[in-house]
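Structure first, commentary second.
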Amino acid sequence: MERQHLASLGAAALLLLCGIVQLVMFATSDPDLLALCLQETAATVEIPDQPAVLRIAIFAPAGEESGTVEKALRARFDERADWKVLDRETQEEALNEYADVPRRPKSDPDALAAAKKLGVEAAFWADVRTFRQGEEKAEADFTWGLVKTPGGDKVAGGAASRTMEKGFFALDRFRAKVDNTSALFRIFFWIVALLVLPAALAPVNELVLGKRTNAAAAALISGYSVLAFVLMLLLNGFRLFTVFWAIGALVALAAGAMYTLAVLNAMSEG
């Protein structure tokens, strides 16, 4: 067997192995869609900018015991330089001294009373009215508010909700299962496919290029580029709705086309 054919078989085996590993990782992943739904609901809360740094107490949401929403909210405030979040353990220890102060406020007045006891300059509260998981979807819905001490000035407030579809062909479920696999391996798999796909399909290249027409060569290059592009979409949960992913798609198409052209030229010269 010629070395070219051996290289083709090796490339095809590598692609097949990577594909099997990714498929097993995808099939065995079991993401918690309800927790993900709660996290994405918390991510919709719009945190206002402040001219000066304010110390804030973030109270555990009423009606939700898992702590998912609280962790997501604390992470969002921690990312901001204009908010200094009171440590959760310190907050709980301080509140233990006041039996009449609610641990999970459901309104601005309750949050304000607790914030005054804690000596902070602002308080964030949330009331999770709905979070449930059925056979077809996961839902989350809560109200929230942000007040300043000592006057109780309302800084912001509103409601947040999110629904995620759980059906077998639902995009939400597909993205959750993809994201639950290894991101590094997905990147590795895509790069491997981009680099070895033209070599793995060497017999197809010979068949098409044997026609000796520019149209056939252009179709072959376009085909490889589109395959690389589609694989990138699959391994990233069909996220092509932002400028970042649009640029990534163009780069993928351009890189796939140029690399495929180089491989085909090398094969034809050989």
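All residue names refer to the structure tokens as shown: chains lettered A, B, ... in order, residues numbered from 1 in each chain, ligands numbered from 1 in order.
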In range 42-198 of chain A, DSSP strand (DSSP E or B) residues written as a PyMOL selection string = chain A and resi 54-58+62+83-85+122-133+137-148+154-165
For Ser222 in chain A, work out the shell of residues within 12 Å, counting only C-alpha atoms and skipping chain neighbours fewer than 3 positions away, then give it as a ChimeraX atom specification.
-> /A:198,215-219,225-229,252-261
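Among the candidate residues A:Asp78, A:Asp179, A:Asp87, A:Glu93, the one lying nearest to Gly237 in chain A is A:Asp179, with distances computed using only C-alpha atoms.
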Selection near range 41-45 of chain A, 8 Å with only C-alpha atoms, sequence-local residues under 5 positions removed, as a ChimeraX atom specification = /A:69,72-73,76,140-141,160-162
Could you write those residues out with N, CA and C atoms, as a compact mmCIF listing (two decimals), in the first residue's frame?
```
# COMPACT_ATOMS: atom_id res chain seq x y z
N VAL A 69 -28.90 30.59 42.71
CA VAL A 69 -29.14 32.00 42.35
C VAL A 69 -28.22 32.91 43.15
N ALA A 72 -24.70 32.83 41.79
CA ALA A 72 -24.61 33.53 40.51
C ALA A 72 -24.64 35.03 40.70
N LEU A 73 -25.49 35.52 41.62
CA LEU A 73 -25.60 36.96 41.87
C LEU A 73 -24.33 37.49 42.53
N ARG A 76 -21.64 37.88 40.00
CA ARG A 76 -21.83 39.03 39.12
C ARG A 76 -21.41 40.32 39.81
N ALA A 140 -37.73 29.24 35.53
CA ALA A 140 -37.33 30.01 36.71
C ALA A 140 -37.85 31.43 36.56
N ASP A 141 -38.30 31.98 37.69
CA ASP A 141 -38.86 33.33 37.66
C ASP A 141 -38.70 33.94 39.05
N ALA A 160 -37.09 38.78 36.67
CA ALA A 160 -36.27 38.02 35.73
C ALA A 160 -36.88 36.64 35.56
N SER A 161 -36.87 36.16 34.34
CA SER A 161 -37.44 34.83 34.08
C SER A 161 -36.71 34.18 32.91
N ARG A 162 -36.76 32.85 32.90
CA ARG A 162 -36.11 32.09 31.83
C ARG A 162 -36.77 30.73 31.74
```
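Closest approach to Leu86 in chain A from the set A:Val251, A:Asp108, A:Arg55, A:Glu70 is made by A:Arg55, with distances taken over only C-alpha atoms.
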Please provide the set of residues having any atom within 10 Å of Arg173 in chain A, restricted to only C-alpha atoms, with same-chain residues fewer than 3 positions apart removed, written as JSON, numbers by chain.
-> {"A": [30, 31, 32, 33, 137, 164, 165, 166, 167, 168, 169, 170, 176, 177, 178, 179, 237]}
Kindly provide the residues of range 73-117 of chain A that approach range 142-148 of chain A to within 9 Å, each paired with its closest atom pair and their distance in Å to one decimal, based on only C-alpha atoms, listed by chain and increasing number, as a Markdown table.
```
| residue | atom | partner | partner_atom | distance |
| --- | --- | --- | --- | --- |
| A:Lys106 | CA | A:Trp144 | CA | 8.2 |
| A:Ser107 | CA | A:Gly145 | CA | 7.3 |
| A:Asp108 | CA | A:Val147 | CA | 6.5 |
| A:Pro109 | CA | A:Val147 | CA | 8.9 |
| A:Ala111 | CA | A:Val147 | CA | 7.7 |
| A:Leu112 | CA | A:Val147 | CA | 6.8 |
| A:Ala115 | CA | A:Lys148 | CA | 8.6 |
```
Store the residues of this selection in a file with N, CA, C and O atoms, as a PDB file, in the first residue's frame.
```pdb
ATOM      1  N   LYS A 106     -38.015  39.685  51.350  1.00  0.00           N
ATOM      2  CA  LYS A 106     -38.825  39.621  50.142  1.00  0.00           C
ATOM      3  C   LYS A 106     -39.268  40.993  49.659  1.00  0.00           C
ATOM      4  O   LYS A 106     -40.068  41.098  48.738  1.00  0.00           O
ATOM      5  N   SER A 107     -38.756  42.039  50.289  1.00  0.00           N
ATOM      6  CA  SER A 107     -39.171  43.401  49.918  1.00  0.00           C
ATOM      7  C   SER A 107     -38.071  44.382  50.277  1.00  0.00           C
ATOM      8  O   SER A 107     -37.139  44.063  51.036  1.00  0.00           O
ATOM      9  N   ASP A 108     -38.197  45.592  49.762  1.00  0.00           N
ATOM     10  CA  ASP A 108     -37.215  46.644  50.065  1.00  0.00           C
ATOM     11  C   ASP A 108     -37.153  46.971  51.554  1.00  0.00           C
ATOM     12  O   ASP A 108     -36.050  47.093  52.109  1.00  0.00           O
ATOM     13  N   PRO A 109     -38.296  47.144  52.248  1.00  0.00           N
ATOM     14  CA  PRO A 109     -38.223  47.464  53.682  1.00  0.00           C
ATOM     15  C   PRO A 109     -37.519  46.390  54.507  1.00  0.00           C
ATOM     16  O   PRO A 109     -36.714  46.713  55.398  1.00  0.00           O
ATOM     17  N   ALA A 111     -35.256  44.211  53.439  1.00  0.00           N
ATOM     18  CA  ALA A 111     -33.829  44.237  53.095  1.00  0.00           C
ATOM     19  C   ALA A 111     -33.141  45.436  53.725  1.00  0.00           C
ATOM     20  O   ALA A 111     -31.996  45.343  54.181  1.00  0.00           O
ATOM     21  N   LEU A 112     -33.838  46.580  53.772  1.00  0.00           N
ATOM     22  CA  LEU A 112     -33.267  47.789  54.363  1.00  0.00           C
ATOM     23  C   LEU A 112     -33.025  47.596  55.861  1.00  0.00           C
ATOM     24  O   LEU A 112     -31.970  47.983  56.376  1.00  0.00           O
ATOM     25  N   ALA A 115     -30.016  45.402  56.271  1.00  0.00           N
ATOM     26  CA  ALA A 115     -28.785  46.087  55.853  1.00  0.00           C
ATOM     27  C   ALA A 115     -28.319  47.068  56.919  1.00  0.00           C
ATOM     28  O   ALA A 115     -27.109  47.232  57.151  1.00  0.00           O
TER      29      ALA A 115
END
```
Quote the spacing between CA of Met25 in chain A and CA of Ala183 in chain A in Å to one decimal place.
->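 Atom-to-atom, CA of Met25 in chain A to CA of Ala183 in chain A, that is 11.2 Å.
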Tell me, as a list in words, which residues lie within 8 Å of Phe59 in chain A, counting only C-alpha atoms; anything in the same chain fewer than 2 positions away does not count.
->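 The contact residues come out as Ala57, Pro61, Glu70, Arg103, Arg104, Pro105, Ala111, Ala123, Phe124, Trp125 and Ala126 of chain A.
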Counting only C-alpha atoms, figure out which residue out of A:Ile187, A:Ile56, A:Leu197, A:Leu23 gets nearest to Arg88 in chain A.
->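 Among A:Ile187, A:Ile56, A:Leu197, A:Leu23, it is A:Ile56 that comes nearest to Arg88 in chain A.
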